[in-house]
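Source file: structure.pdb; contents: PDB, C-alpha atoms, pLDDT in the B column.
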```pdb
ATOM      1  CA  MET W 406      -4.196  41.179  19.044  1.00 48.00           C
ATOM      2  CA  HIS W 407      -2.060  43.819  17.376  1.00 45.00           C
ATOM      3  CA  ALA W 408       1.138  44.214  15.462  1.00 45.00           C
ATOM      4  CA  ASP W 409       3.487  46.919  16.687  1.00 46.00           C
ATOM      5  CA  ASP W 410       3.444  49.184  13.627  1.00 48.00           C
ATOM      6  CA  GLU W 411      -0.096  50.392  13.062  1.00 50.00           C
ATOM      7  CA  ARG W 412       0.380  53.436  10.868  1.00 56.00           C
ATOM      8  CA  GLU W 413      -0.364  51.754   7.574  1.00 79.00           C
ATOM      9  CA  PHE W 414      -3.667  50.010   8.232  1.00 90.00           C
ATOM     10  CA  SER W 415      -7.097  50.996   9.504  1.00 89.00           C
ATOM     11  CA  TYR W 416     -10.381  49.492  10.620  1.00 90.00           C
ATOM     12  CA  GLU W 417     -12.505  51.561   8.254  1.00 88.00           C
ATOM     13  CA  ILE W 418     -14.727  49.315   6.142  1.00 85.00           C
ATOM     14  CA  ASP W 419     -14.508  50.103   2.400  1.00 85.00           C
ATOM     15  CA  SER W 420     -11.272  52.031   2.979  1.00 88.00           C
ATOM     16  CA  GLU W 421      -8.158  51.288   0.905  1.00 92.00           C
ATOM     17  CA  THR W 422      -6.404  50.485   4.182  1.00 91.00           C
ATOM     18  CA  GLY W 423      -9.346  48.629   5.755  1.00 93.00           C
ATOM     19  CA  PRO W 424      -9.369  44.968   6.875  1.00 95.00           C
ATOM     20  CA  GLU W 425     -10.410  43.559   3.511  1.00 95.00           C
ATOM     21  CA  HIS W 426      -7.246  45.037   1.953  1.00 95.00           C
ATOM     22  CA  TRP W 427      -4.637  44.286   4.634  1.00 96.00           C
ATOM     23  CA  GLY W 428      -3.305  41.279   2.728  1.00 96.00           C
ATOM     24  CA  GLU W 429      -2.685  43.381  -0.393  1.00 95.00           C
ATOM     25  CA  MET W 430      -0.772  46.181   1.277  1.00 94.00           C
ATOM     26  CA  ARG W 431       2.534  44.364   1.853  1.00 94.00           C
ATOM     27  CA  PRO W 432       3.863  41.003   0.662  1.00 95.00           C
ATOM     28  CA  GLU W 433       4.578  39.943   4.243  1.00 96.00           C
ATOM     29  CA  TRP W 434       0.936  40.660   5.149  1.00 97.00           C
ATOM     30  CA  LYS W 435      -0.490  38.186   2.609  1.00 97.00           C
ATOM     31  CA  ASP W 436      -1.806  35.869   5.335  1.00 97.00           C
ATOM     32  CA  CYS W 437      -4.402  38.517   6.230  1.00 97.00           C
ATOM     33  CA  ASN W 438      -6.231  37.594   3.006  1.00 96.00           C
ATOM     34  CA  SER W 439      -5.011  34.094   2.130  1.00 96.00           C
ATOM     35  CA  GLY W 440      -4.415  32.478   5.532  1.00 97.00           C
ATOM     36  CA  ILE W 441      -6.629  29.595   6.624  1.00 97.00           C
ATOM     37  CA  MET W 442      -6.151  29.960  10.405  1.00 98.00           C
ATOM     38  CA  GLN W 443      -7.116  33.594  10.854  1.00 98.00           C
ATOM     39  CA  SER W 444      -8.518  35.302  13.944  1.00 98.00           C
ATOM     40  CA  PRO W 445     -10.907  36.358  15.355  1.00 98.00           C
ATOM     41  CA  ILE W 446     -13.592  33.698  14.937  1.00 98.00           C
ATOM     42  CA  ASP W 447     -17.136  33.084  16.114  1.00 96.00           C
ATOM     43  CA  LEU W 448     -17.253  30.681  19.054  1.00 95.00           C
ATOM     44  CA  LEU W 449     -20.365  28.882  17.844  1.00 84.00           C
ATOM     45  CA  ASN W 450     -21.835  26.172  20.089  1.00 80.00           C
ATOM     46  CA  GLN W 451     -22.273  23.702  17.238  1.00 80.00           C
ATOM     47  CA  ARG W 452     -18.581  23.669  16.360  1.00 82.00           C
ATOM     48  CA  VAL W 453     -17.192  23.606  19.907  1.00 89.00           C
ATOM     49  CA  GLU W 454     -15.820  20.311  21.221  1.00 90.00           C
ATOM     50  CA  VAL W 455     -16.178  20.036  25.001  1.00 90.00           C
ATOM     51  CA  VAL W 456     -13.040  18.574  26.573  1.00 88.00           C
ATOM     52  CA  PRO W 457     -13.545  18.304  30.354  1.00 79.00           C
ATOM     53  CA  ASN W 458      -9.897  17.379  30.965  1.00 79.00           C
ATOM     54  CA  LEU W 459      -8.215  20.015  28.795  1.00 80.00           C
ATOM     55  CA  GLY W 460      -6.775  21.277  32.072  1.00 72.00           C
ATOM     56  CA  THR W 461      -6.483  24.584  33.839  1.00 67.00           C
ATOM     57  CA  PHE W 462      -3.779  26.601  32.143  1.00 76.00           C
ATOM     58  CA  GLN W 463      -1.120  27.323  34.715  1.00 86.00           C
ATOM     59  CA  ARG W 464      -0.170  30.939  35.276  1.00 91.00           C
ATOM     60  CA  ALA W 465       2.494  32.440  37.502  1.00 95.00           C
ATOM     61  CA  TYR W 466       2.254  36.216  37.189  1.00 96.00           C
ATOM     62  CA  LYS W 467       4.053  38.698  39.404  1.00 96.00           C
ATOM     63  CA  PRO W 468       4.119  42.503  39.774  1.00 97.00           C
ATOM     64  CA  SER W 469       6.491  44.279  37.419  1.00 97.00           C
ATOM     65  CA  ASN W 470       7.219  47.730  36.000  1.00 97.00           C
ATOM     66  CA  ALA W 471       4.812  48.718  33.226  1.00 97.00           C
ATOM     67  CA  ILE W 472       4.317  51.507  30.719  1.00 96.00           C
ATOM     68  CA  LEU W 473       1.198  52.685  28.901  1.00 95.00           C
ATOM     69  CA  LEU W 474       1.314  53.569  25.219  1.00 92.00           C
ATOM     70  CA  ASN W 475      -1.279  54.977  22.815  1.00 88.00           C
ATOM     71  CA  ARG W 476      -0.449  53.104  19.597  1.00 86.00           C
ATOM     72  CA  GLY W 477      -2.959  54.918  17.429  1.00 81.00           C
ATOM     73  CA  HIS W 478      -5.440  52.065  17.034  1.00 84.00           C
ATOM     74  CA  ASP W 479      -5.329  50.785  20.593  1.00 88.00           C
ATOM     75  CA  MET W 480      -4.062  51.380  24.110  1.00 90.00           C
ATOM     76  CA  MET W 481      -1.283  49.011  25.149  1.00 94.00           C
ATOM     77  CA  LEU W 482       0.093  48.308  28.624  1.00 97.00           C
ATOM     78  CA  LYS W 483       3.551  46.747  28.362  1.00 97.00           C
ATOM     79  CA  TRP W 484       5.515  45.102  31.159  1.00 97.00           C
ATOM     80  CA  SER W 485       9.249  45.760  30.993  1.00 87.00           C
ATOM     81  CA  SER W 486      10.273  42.276  32.162  1.00 83.00           C
ATOM     82  CA  GLY W 487       9.673  39.683  34.800  1.00 86.00           C
ATOM     83  CA  ALA W 488       5.869  39.842  34.869  1.00 96.00           C
ATOM     84  CA  GLY W 489       5.629  36.060  34.934  1.00 96.00           C
ATOM     85  CA  ASN W 490       4.259  33.468  32.565  1.00 96.00           C
ATOM     86  CA  ILE W 491       1.599  30.957  31.644  1.00 96.00           C
ATOM     87  CA  GLU W 492       2.222  27.296  30.865  1.00 94.00           C
ATOM     88  CA  ILE W 493       0.407  25.574  27.988  1.00 93.00           C
ATOM     89  CA  ASN W 494       1.196  21.976  27.050  1.00 89.00           C
ATOM     90  CA  GLY W 495       4.509  22.124  28.878  1.00 90.00           C
ATOM     91  CA  THR W 496       5.712  25.357  27.253  1.00 93.00           C
ATOM     92  CA  LEU W 497       6.244  28.571  29.239  1.00 95.00           C
ATOM     93  CA  TYR W 498       5.030  31.790  27.607  1.00 96.00           C
ATOM     94  CA  GLN W 499       6.248  35.045  29.158  1.00 97.00           C
ATOM     95  CA  LEU W 500       3.697  37.846  29.606  1.00 97.00           C
ATOM     96  CA  LYS W 501       4.658  40.824  27.430  1.00 97.00           C
ATOM     97  CA  GLN W 502       1.690  43.195  27.122  1.00 97.00           C
ATOM     98  CA  CYS W 503      -2.057  43.649  27.065  1.00 97.00           C
ATOM     99  CA  HIS W 504      -4.316  45.856  24.947  1.00 96.00           C
ATOM    100  CA  TRP W 505      -8.010  46.524  24.426  1.00 96.00           C
ATOM    101  CA  HIS W 506     -10.473  46.204  21.538  1.00 95.00           C
ATOM    102  CA  SER W 507     -13.975  47.624  21.389  1.00 94.00           C
ATOM    103  CA  PRO W 508     -16.262  46.038  20.542  1.00 95.00           C
ATOM    104  CA  SER W 509     -14.952  42.512  21.091  1.00 97.00           C
ATOM    105  CA  GLU W 510     -13.134  40.807  18.234  1.00 97.00           C
ATOM    106  CA  HIS W 511     -14.280  37.268  19.037  1.00 98.00           C
ATOM    107  CA  THR W 512     -18.016  36.647  18.997  1.00 97.00           C
ATOM    108  CA  VAL W 513     -20.039  34.036  20.888  1.00 95.00           C
ATOM    109  CA  ASN W 514     -22.869  32.471  18.870  1.00 93.00           C
ATOM    110  CA  SER W 515     -22.550  35.416  16.451  1.00 94.00           C
ATOM    111  CA  LYS W 516     -22.930  37.986  19.250  1.00 96.00           C
ATOM    112  CA  ARG W 517     -20.266  40.678  19.548  1.00 96.00           C
ATOM    113  CA  LEU W 518     -19.667  41.917  23.077  1.00 97.00           C
ATOM    114  CA  ASP W 519     -18.663  45.414  24.187  1.00 97.00           C
ATOM    115  CA  MET W 520     -14.921  44.984  24.791  1.00 97.00           C
ATOM    116  CA  GLU W 521     -12.108  42.444  24.695  1.00 97.00           C
ATOM    117  CA  VAL W 522      -8.664  42.540  26.289  1.00 97.00           C
ATOM    118  CA  HIS W 523      -5.751  40.494  24.939  1.00 97.00           C
ATOM    119  CA  LEU W 524      -2.866  39.390  27.167  1.00 97.00           C
ATOM    120  CA  VAL W 525       0.026  38.583  24.862  1.00 97.00           C
ATOM    121  CA  HIS W 526       2.678  36.024  25.822  1.00 97.00           C
ATOM    122  CA  GLN W 527       5.798  34.806  24.028  1.00 97.00           C
ATOM    123  CA  ALA W 528       7.894  31.659  24.440  1.00 96.00           C
ATOM    124  CA  ASP W 529      11.660  31.456  24.081  1.00 95.00           C
ATOM    125  CA  ASP W 530      11.209  30.030  20.574  1.00 96.00           C
ATOM    126  CA  ASN W 531       9.050  33.098  19.645  1.00 95.00           C
ATOM    127  CA  ARG W 532       5.766  31.186  19.639  1.00 96.00           C
ATOM    128  CA  THR W 533       2.883  33.357  20.822  1.00 97.00           C
ATOM    129  CA  ALA W 534      -0.050  32.602  23.122  1.00 97.00           C
ATOM    130  CA  VAL W 535      -2.858  35.058  23.811  1.00 97.00           C
ATOM    131  CA  ILE W 536      -5.488  35.093  26.543  1.00 97.00           C
ATOM    132  CA  GLY W 537      -8.663  36.925  25.559  1.00 97.00           C
ATOM    133  CA  ILE W 538     -11.260  38.180  28.057  1.00 98.00           C
ATOM    134  CA  LEU W 539     -14.701  39.355  26.896  1.00 98.00           C
ATOM    135  CA  TYR W 540     -16.672  42.158  28.559  1.00 98.00           C
ATOM    136  CA  LYS W 541     -20.243  43.413  28.508  1.00 97.00           C
ATOM    137  CA  ILE W 542     -21.580  46.750  29.776  1.00 98.00           C
ATOM    138  CA  GLY W 543     -22.212  46.697  33.530  1.00 98.00           C
ATOM    139  CA  GLN W 544     -20.169  47.475  36.625  1.00 98.00           C
ATOM    140  CA  PRO W 545     -16.805  49.210  36.014  1.00 97.00           C
ATOM    141  CA  ASP W 546     -13.773  46.987  35.431  1.00 97.00           C
ATOM    142  CA  PRO W 547     -11.495  47.366  38.488  1.00 96.00           C
ATOM    143  CA  PHE W 548      -8.280  47.213  36.452  1.00 96.00           C
ATOM    144  CA  LEU W 549      -9.351  49.998  34.074  1.00 96.00           C
ATOM    145  CA  SER W 550     -10.535  52.021  37.084  1.00 96.00           C
ATOM    146  CA  MET W 551      -7.040  51.711  38.547  1.00 95.00           C
ATOM    147  CA  ILE W 552      -5.345  53.140  35.430  1.00 95.00           C
ATOM    148  CA  GLN W 553      -8.135  55.497  34.322  1.00 93.00           C
ATOM    149  CA  ARG W 554      -6.205  58.684  35.104  1.00 92.00           C
ATOM    150  CA  ASP W 555      -3.200  57.366  33.179  1.00 93.00           C
ATOM    151  CA  LEU W 556      -5.406  56.597  30.164  1.00 90.00           C
ATOM    152  CA  GLU W 557      -6.794  60.139  30.309  1.00 88.00           C
ATOM    153  CA  ASP W 558      -3.260  61.576  30.538  1.00 87.00           C
ATOM    154  CA  ILE W 559      -2.241  60.139  27.154  1.00 84.00           C
ATOM    155  CA  GLU W 560      -5.528  60.806  25.333  1.00 77.00           C
ATOM    156  CA  GLU W 561      -3.932  63.499  23.201  1.00 72.00           C
ATOM    157  CA  THR W 562      -0.580  61.831  22.604  1.00 75.00           C
ATOM    158  CA  ARG W 563       0.748  58.976  20.509  1.00 73.00           C
ATOM    159  CA  ASP W 564       3.900  56.889  20.749  1.00 72.00           C
ATOM    160  CA  ILE W 565       4.816  58.509  24.071  1.00 79.00           C
ATOM    161  CA  GLU W 566       5.368  56.028  26.873  1.00 87.00           C
ATOM    162  CA  LYS W 567       3.867  56.804  30.273  1.00 93.00           C
ATOM    163  CA  GLU W 568       5.514  55.067  33.203  1.00 95.00           C
ATOM    164  CA  LEU W 569       2.965  53.393  35.466  1.00 96.00           C
ATOM    165  CA  GLY W 570       5.310  51.898  38.053  1.00 96.00           C
ATOM    166  CA  ILE W 571       4.619  48.427  39.421  1.00 96.00           C
ATOM    167  CA  ILE W 572       1.492  46.760  37.993  1.00 97.00           C
ATOM    168  CA  ASN W 573       0.343  43.302  39.026  1.00 96.00           C
ATOM    169  CA  PRO W 574      -1.105  41.382  36.043  1.00 96.00           C
ATOM    170  CA  GLU W 575      -3.275  39.385  38.455  1.00 94.00           C
ATOM    171  CA  THR W 576      -5.362  42.542  38.883  1.00 94.00           C
ATOM    172  CA  ILE W 577      -6.853  41.762  35.453  1.00 95.00           C
ATOM    173  CA  LYS W 578      -8.031  38.419  36.896  1.00 88.00           C
ATOM    174  CA  PRO W 579      -7.066  36.369  33.832  1.00 85.00           C
ATOM    175  CA  GLY W 580      -8.055  32.976  35.224  1.00 81.00           C
ATOM    176  CA  GLY W 581     -10.956  30.550  35.120  1.00 80.00           C
ATOM    177  CA  THR W 582     -11.648  26.867  34.548  1.00 84.00           C
ATOM    178  CA  LYS W 583     -13.965  27.374  31.560  1.00 90.00           C
ATOM    179  CA  TYR W 584     -12.198  28.542  28.425  1.00 93.00           C
ATOM    180  CA  TYR W 585     -12.074  28.101  24.661  1.00 95.00           C
ATOM    181  CA  ARG W 586      -8.844  27.022  22.955  1.00 95.00           C
ATOM    182  CA  TYR W 587      -8.031  27.133  19.262  1.00 97.00           C
ATOM    183  CA  THR W 588      -5.167  27.883  16.869  1.00 97.00           C
ATOM    184  CA  GLY W 589      -5.452  31.198  15.051  1.00 98.00           C
ATOM    185  CA  SER W 590      -3.509  34.311  14.085  1.00 98.00           C
ATOM    186  CA  LEU W 591      -2.657  37.846  15.035  1.00 97.00           C
ATOM    187  CA  THR W 592      -5.748  39.978  14.430  1.00 97.00           C
ATOM    188  CA  THR W 593      -3.773  42.766  12.764  1.00 93.00           C
ATOM    189  CA  PRO W 594      -1.065  42.746  10.074  1.00 95.00           C
ATOM    190  CA  PRO W 595       0.980  40.691   9.455  1.00 96.00           C
ATOM    191  CA  CYS W 596      -1.781  38.277  10.639  1.00 97.00           C
ATOM    192  CA  THR W 597       0.845  35.668  11.559  1.00 97.00           C
ATOM    193  CA  GLU W 598      -0.693  32.222  12.097  1.00 98.00           C
ATOM    194  CA  ASN W 599      -0.129  29.398  14.613  1.00 97.00           C
ATOM    195  CA  ILE W 600      -1.066  31.610  17.560  1.00 98.00           C
ATOM    196  CA  ILE W 601      -2.495  29.707  20.539  1.00 97.00           C
ATOM    197  CA  TRP W 602      -5.699  31.423  21.614  1.00 97.00           C
ATOM    198  CA  THR W 603      -7.354  30.964  25.010  1.00 96.00           C
ATOM    199  CA  ILE W 604     -10.669  32.823  25.359  1.00 96.00           C
ATOM    200  CA  LEU W 605     -12.075  32.808  28.882  1.00 95.00           C
ATOM    201  CA  GLY W 606     -15.620  31.496  29.130  1.00 93.00           C
ATOM    202  CA  GLU W 607     -16.647  33.923  31.869  1.00 93.00           C
ATOM    203  CA  THR W 608     -17.836  37.293  30.563  1.00 96.00           C
ATOM    204  CA  ARG W 609     -16.676  40.232  32.692  1.00 96.00           C
ATOM    205  CA  THR W 610     -18.247  43.688  33.020  1.00 97.00           C
ATOM    206  CA  VAL W 611     -16.999  47.133  32.028  1.00 98.00           C
ATOM    207  CA  SER W 612     -18.756  50.476  32.300  1.00 98.00           C
ATOM    208  CA  LYS W 613     -19.962  52.350  29.234  1.00 96.00           C
ATOM    209  CA  GLU W 614     -17.747  55.268  30.282  1.00 95.00           C
ATOM    210  CA  GLN W 615     -14.661  53.031  30.375  1.00 95.00           C
ATOM    211  CA  VAL W 616     -15.336  51.704  26.874  1.00 94.00           C
ATOM    212  CA  GLU W 617     -15.829  55.277  25.633  1.00 90.00           C
ATOM    213  CA  LEU W 618     -12.543  56.328  27.262  1.00 88.00           C
ATOM    214  CA  ILE W 619     -10.664  53.551  25.447  1.00 87.00           C
ATOM    215  CA  ARG W 620     -12.296  54.521  22.142  1.00 84.00           C
ATOM    216  CA  ASP W 621     -11.952  58.319  22.537  1.00 77.00           C
ATOM    217  CA  ALA W 622      -8.309  58.090  23.558  1.00 70.00           C
ATOM    218  CA  ILE W 623      -7.300  56.383  20.338  1.00 68.00           C
ATOM    219  CA  HIS W 624      -8.311  59.131  17.906  1.00 58.00           C
ATOM    220  CA  ASP W 625      -8.490  57.047  14.772  1.00 58.00           C
ATOM    221  CA  ASP W 626     -11.258  57.540  12.226  1.00 62.00           C
ATOM    222  CA  ALA W 627     -12.944  54.184  12.742  1.00 69.00           C
ATOM    223  CA  GLU W 628     -15.842  53.603  15.107  1.00 76.00           C
ATOM    224  CA  ALA W 629     -14.262  50.368  16.301  1.00 87.00           C
ATOM    225  CA  ASN W 630     -10.890  48.647  16.486  1.00 92.00           C
ATOM    226  CA  ALA W 631     -12.147  45.104  15.982  1.00 94.00           C
ATOM    227  CA  ARG W 632     -11.309  42.993  12.941  1.00 96.00           C
ATOM    228  CA  PRO W 633     -14.283  41.255  11.279  1.00 96.00           C
ATOM    229  CA  VAL W 634     -14.804  37.586  12.162  1.00 97.00           C
ATOM    230  CA  GLN W 635     -12.793  35.218   9.946  1.00 97.00           C
ATOM    231  CA  PRO W 636     -13.744  31.833   8.409  1.00 96.00           C
ATOM    232  CA  ILE W 637     -13.012  28.921  10.727  1.00 94.00           C
ATOM    233  CA  HIS W 638     -12.360  26.435   7.870  1.00 93.00           C
ATOM    234  CA  ASP W 639     -11.690  22.986   9.371  1.00 90.00           C
ATOM    235  CA  ARG W 640     -10.323  24.091  12.721  1.00 93.00           C
ATOM    236  CA  THR W 641     -11.458  22.607  16.011  1.00 91.00           C
ATOM    237  CA  VAL W 642     -12.448  24.834  18.925  1.00 95.00           C
ATOM    238  CA  LYS W 643     -12.106  23.100  22.272  1.00 95.00           C
ATOM    239  CA  LEU W 644     -13.966  24.116  25.419  1.00 93.00           C
ATOM    240  CA  ASN W 645     -12.569  23.216  28.799  1.00 91.00           C
ATOM    241  CA  GLY W 646     -15.549  22.839  31.079  1.00 77.00           C
ATOM    242  CA  PRO W 647     -18.206  20.501  32.423  1.00 65.00           C
ATOM    243  CA  THR W 648     -19.876  18.320  29.807  1.00 54.00           C
ATOM    244  CA  GLU W 649     -23.372  19.497  30.751  1.00 50.00           C
ATOM    245  CA  ASN W 650     -22.501  22.977  29.472  1.00 43.00           C
TER     246      ASN W 650
END
```

For the file at hand, write its structure as structure tokens.
Amino acid sequence: MHADDEREFSYEIDSETGPEHWGEMRPEWKDCNSGIMQSPIDLLNQRVEVVPNLGTFQRAYKPSNAILLNRGHDMMLKWSSGAGNIEINGTLYQLKQCHWHSPSEHTVNSKRLDMEVHLVHQADDNRTAVIGILYKIGQPDPFLSMIQRDLEDIEETRDIEKELGIINPETIKPGGTKYYRYTGSLTTPPCTENIIWTILGETRTVSKEQVELIRDAIHDDAEANARPVQPIHDRTVKLNGPTEN
């Protein structure tokens, strides 16, 4: 998940602005280096606690006006308002935007997948909840197919909003009964902590061409826009799903 201002940091390893230096670049970014609940993490089987009754997170999305924006390190689709919400532990989080990382930021048993999308939600008290969906190379993703021409249109631009009209968030298919839940952080500066993460357990597919389009459109100097995996420390990762899994 990304901060809004991305001009000052990069994903280049061994660069002065790379991930290992984010926490040194601004005082308010210190959590990037010193935080103990940082994201992304590896969803390792041995540390996952299966909780069959964690509950299906309730979502109530609806079609709303959206814009597409090339932010320099990622492509973001932002809903203007009224795109609906999810409910976690009795709190409603309004859907604000989604954006893509390639390869995936979260790993599963140390394996990094080909792409990850983050759906970012915010509650009235400014708490943030993010749904992450992991993808591997295979059949094209229907949602990216739907907006492919729009992505191509803003390949050469930055910070210019492209109106997409009405977009239904349900087209991303952000549901499922099997999911991981843990408390983490933003994955870019300022790396703010106490973010509720929900990573869907079902891996989706995306075509190689779609991943390349997302990467080529960004025009940064890094080969990826995924932060390295962070230490889990003493956090618990819960998995909502059948005990036999």

- request: For atom CA of Thr512 of chain W and atom CA of Pro547 of chain W, quote the distance in Å rounded to one decimal.
  value: 23.2 Å

task: Name the residues captured by the PyMOL selection byres ((chain W and resi 543-546) around 8) when it is applied to the shown file; answer as number ranges by chain.
output: W: 541-542, 547-550, 609-613, 615

- request: One decimal, Å: what's the distance from atom CA of His506 of chain W over to atom CA of Asp639 of chain W, could you say?
  value: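 Atom CA of Asp639 of chain W lies 26.2 Å from atom CA of His506 of chain W.
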
Given the PyMOL selection byres ((chain W and resi 509) around 7), the residues it picks as a list in words: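 Answer for the PyMOL selection byres ((chain W and resi 509) around 7): His506, Ser507, Pro508, Glu510, His511, Thr512, Arg517, Leu518, Asp519, Met520, Glu521, Leu539 and Ala631 of chain W.
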
task: Could you state which residues are captured by the PyMOL selection byres ((chain W and resi 583) around 6) in this file, as a list of chain:residue names?
output: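 For this structure, the PyMOL selection byres ((chain W and resi 583) around 6) captures W:Gly581, W:Thr582, W:Tyr584, W:Gly606, W:Asn645, W:Gly646.
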
task: Quick one: pull the distance between atom CA of Phe462 of chain W and atom CA of Ile491 of chain W, Å, one decimal.
output: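 Here the two named atoms are 6.9 Å from each other.
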
Return the padded bounding box of segment 553-562 of chain W as JSON: axis-aligned, built from all atoms listed in the file, 3 Å added on each side, with centre and edge lengths in Å to one decimal.
```
{"center_x": -4.4, "center_y": 59.5, "center_z": 28.9, "size_x": 13.6, "size_y": 14.0, "size_z": 18.5}
```

query: From the set W:Ala471, W:Val453, W:Leu459, W:Ile637, which residue has the shortest atom-to-atom contact distance to Gly570 of chain W, counting only C-alpha atoms?
result: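 Smallest separation from Gly570 of chain W among the options: W:Ala471.
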
field: Point (-6.6, 38.3, 32.3) neighbourhood (8 Å, all atoms listed in the file) written as a list in words
entry: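 Protein, DNA and RNA residues close to (-6.6, 38.3, 32.3): Val522, His523, Leu524, Ile536, Gly537, Ile538, Pro574, Glu575, Thr576, Ile577, Lys578, Pro579 and Gly580 of chain W.
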
- request: Compile the contact shell of segment 431-447 of chain W as a ChimeraX atom specification: residues with an atom at most 10 Å away, counting only C-alpha atoms, same-chain residues fewer than 6 positions apart removed.
  value: /W:406,413,424-425,509-517,587-600,602,631-640,642

Could those residues be written to a file, using C-alpha atoms, as a PDB file, in the frame of the given file?
```pdb
ATOM      1  CA  MET W 406      -4.196  41.179  19.044  1.00 48.00           C
ATOM      2  CA  GLU W 413      -0.364  51.754   7.574  1.00 79.00           C
ATOM      3  CA  PRO W 424      -9.369  44.968   6.875  1.00 95.00           C
ATOM      4  CA  GLU W 425     -10.410  43.559   3.511  1.00 95.00           C
ATOM      5  CA  SER W 509     -14.952  42.512  21.091  1.00 97.00           C
ATOM      6  CA  GLU W 510     -13.134  40.807  18.234  1.00 97.00           C
ATOM      7  CA  HIS W 511     -14.280  37.268  19.037  1.00 98.00           C
ATOM      8  CA  THR W 512     -18.016  36.647  18.997  1.00 97.00           C
ATOM      9  CA  VAL W 513     -20.039  34.036  20.888  1.00 95.00           C
ATOM     10  CA  ASN W 514     -22.869  32.471  18.870  1.00 93.00           C
ATOM     11  CA  SER W 515     -22.550  35.416  16.451  1.00 94.00           C
ATOM     12  CA  LYS W 516     -22.930  37.986  19.250  1.00 96.00           C
ATOM     13  CA  ARG W 517     -20.266  40.678  19.548  1.00 96.00           C
ATOM     14  CA  TYR W 587      -8.031  27.133  19.262  1.00 97.00           C
ATOM     15  CA  THR W 588      -5.167  27.883  16.869  1.00 97.00           C
ATOM     16  CA  GLY W 589      -5.452  31.198  15.051  1.00 98.00           C
ATOM     17  CA  SER W 590      -3.509  34.311  14.085  1.00 98.00           C
ATOM     18  CA  LEU W 591      -2.657  37.846  15.035  1.00 97.00           C
ATOM     19  CA  THR W 592      -5.748  39.978  14.430  1.00 97.00           C
ATOM     20  CA  THR W 593      -3.773  42.766  12.764  1.00 93.00           C
ATOM     21  CA  PRO W 594      -1.065  42.746  10.074  1.00 95.00           C
ATOM     22  CA  PRO W 595       0.980  40.691   9.455  1.00 96.00           C
ATOM     23  CA  CYS W 596      -1.781  38.277  10.639  1.00 97.00           C
ATOM     24  CA  THR W 597       0.845  35.668  11.559  1.00 97.00           C
ATOM     25  CA  GLU W 598      -0.693  32.222  12.097  1.00 98.00           C
ATOM     26  CA  ASN W 599      -0.129  29.398  14.613  1.00 97.00           C
ATOM     27  CA  ILE W 600      -1.066  31.610  17.560  1.00 98.00           C
ATOM     28  CA  TRP W 602      -5.699  31.423  21.614  1.00 97.00           C
ATOM     29  CA  ALA W 631     -12.147  45.104  15.982  1.00 94.00           C
ATOM     30  CA  ARG W 632     -11.309  42.993  12.941  1.00 96.00           C
ATOM     31  CA  PRO W 633     -14.283  41.255  11.279  1.00 96.00           C
ATOM     32  CA  VAL W 634     -14.804  37.586  12.162  1.00 97.00           C
ATOM     33  CA  GLN W 635     -12.793  35.218   9.946  1.00 97.00           C
ATOM     34  CA  PRO W 636     -13.744  31.833   8.409  1.00 96.00           C
ATOM     35  CA  ILE W 637     -13.012  28.921  10.727  1.00 94.00           C
ATOM     36  CA  HIS W 638     -12.360  26.435   7.870  1.00 93.00           C
ATOM     37  CA  ASP W 639     -11.690  22.986   9.371  1.00 90.00           C
ATOM     38  CA  ARG W 640     -10.323  24.091  12.721  1.00 93.00           C
ATOM     39  CA  VAL W 642     -12.448  24.834  18.925  1.00 95.00           C
TER      40      VAL W 642
END
```
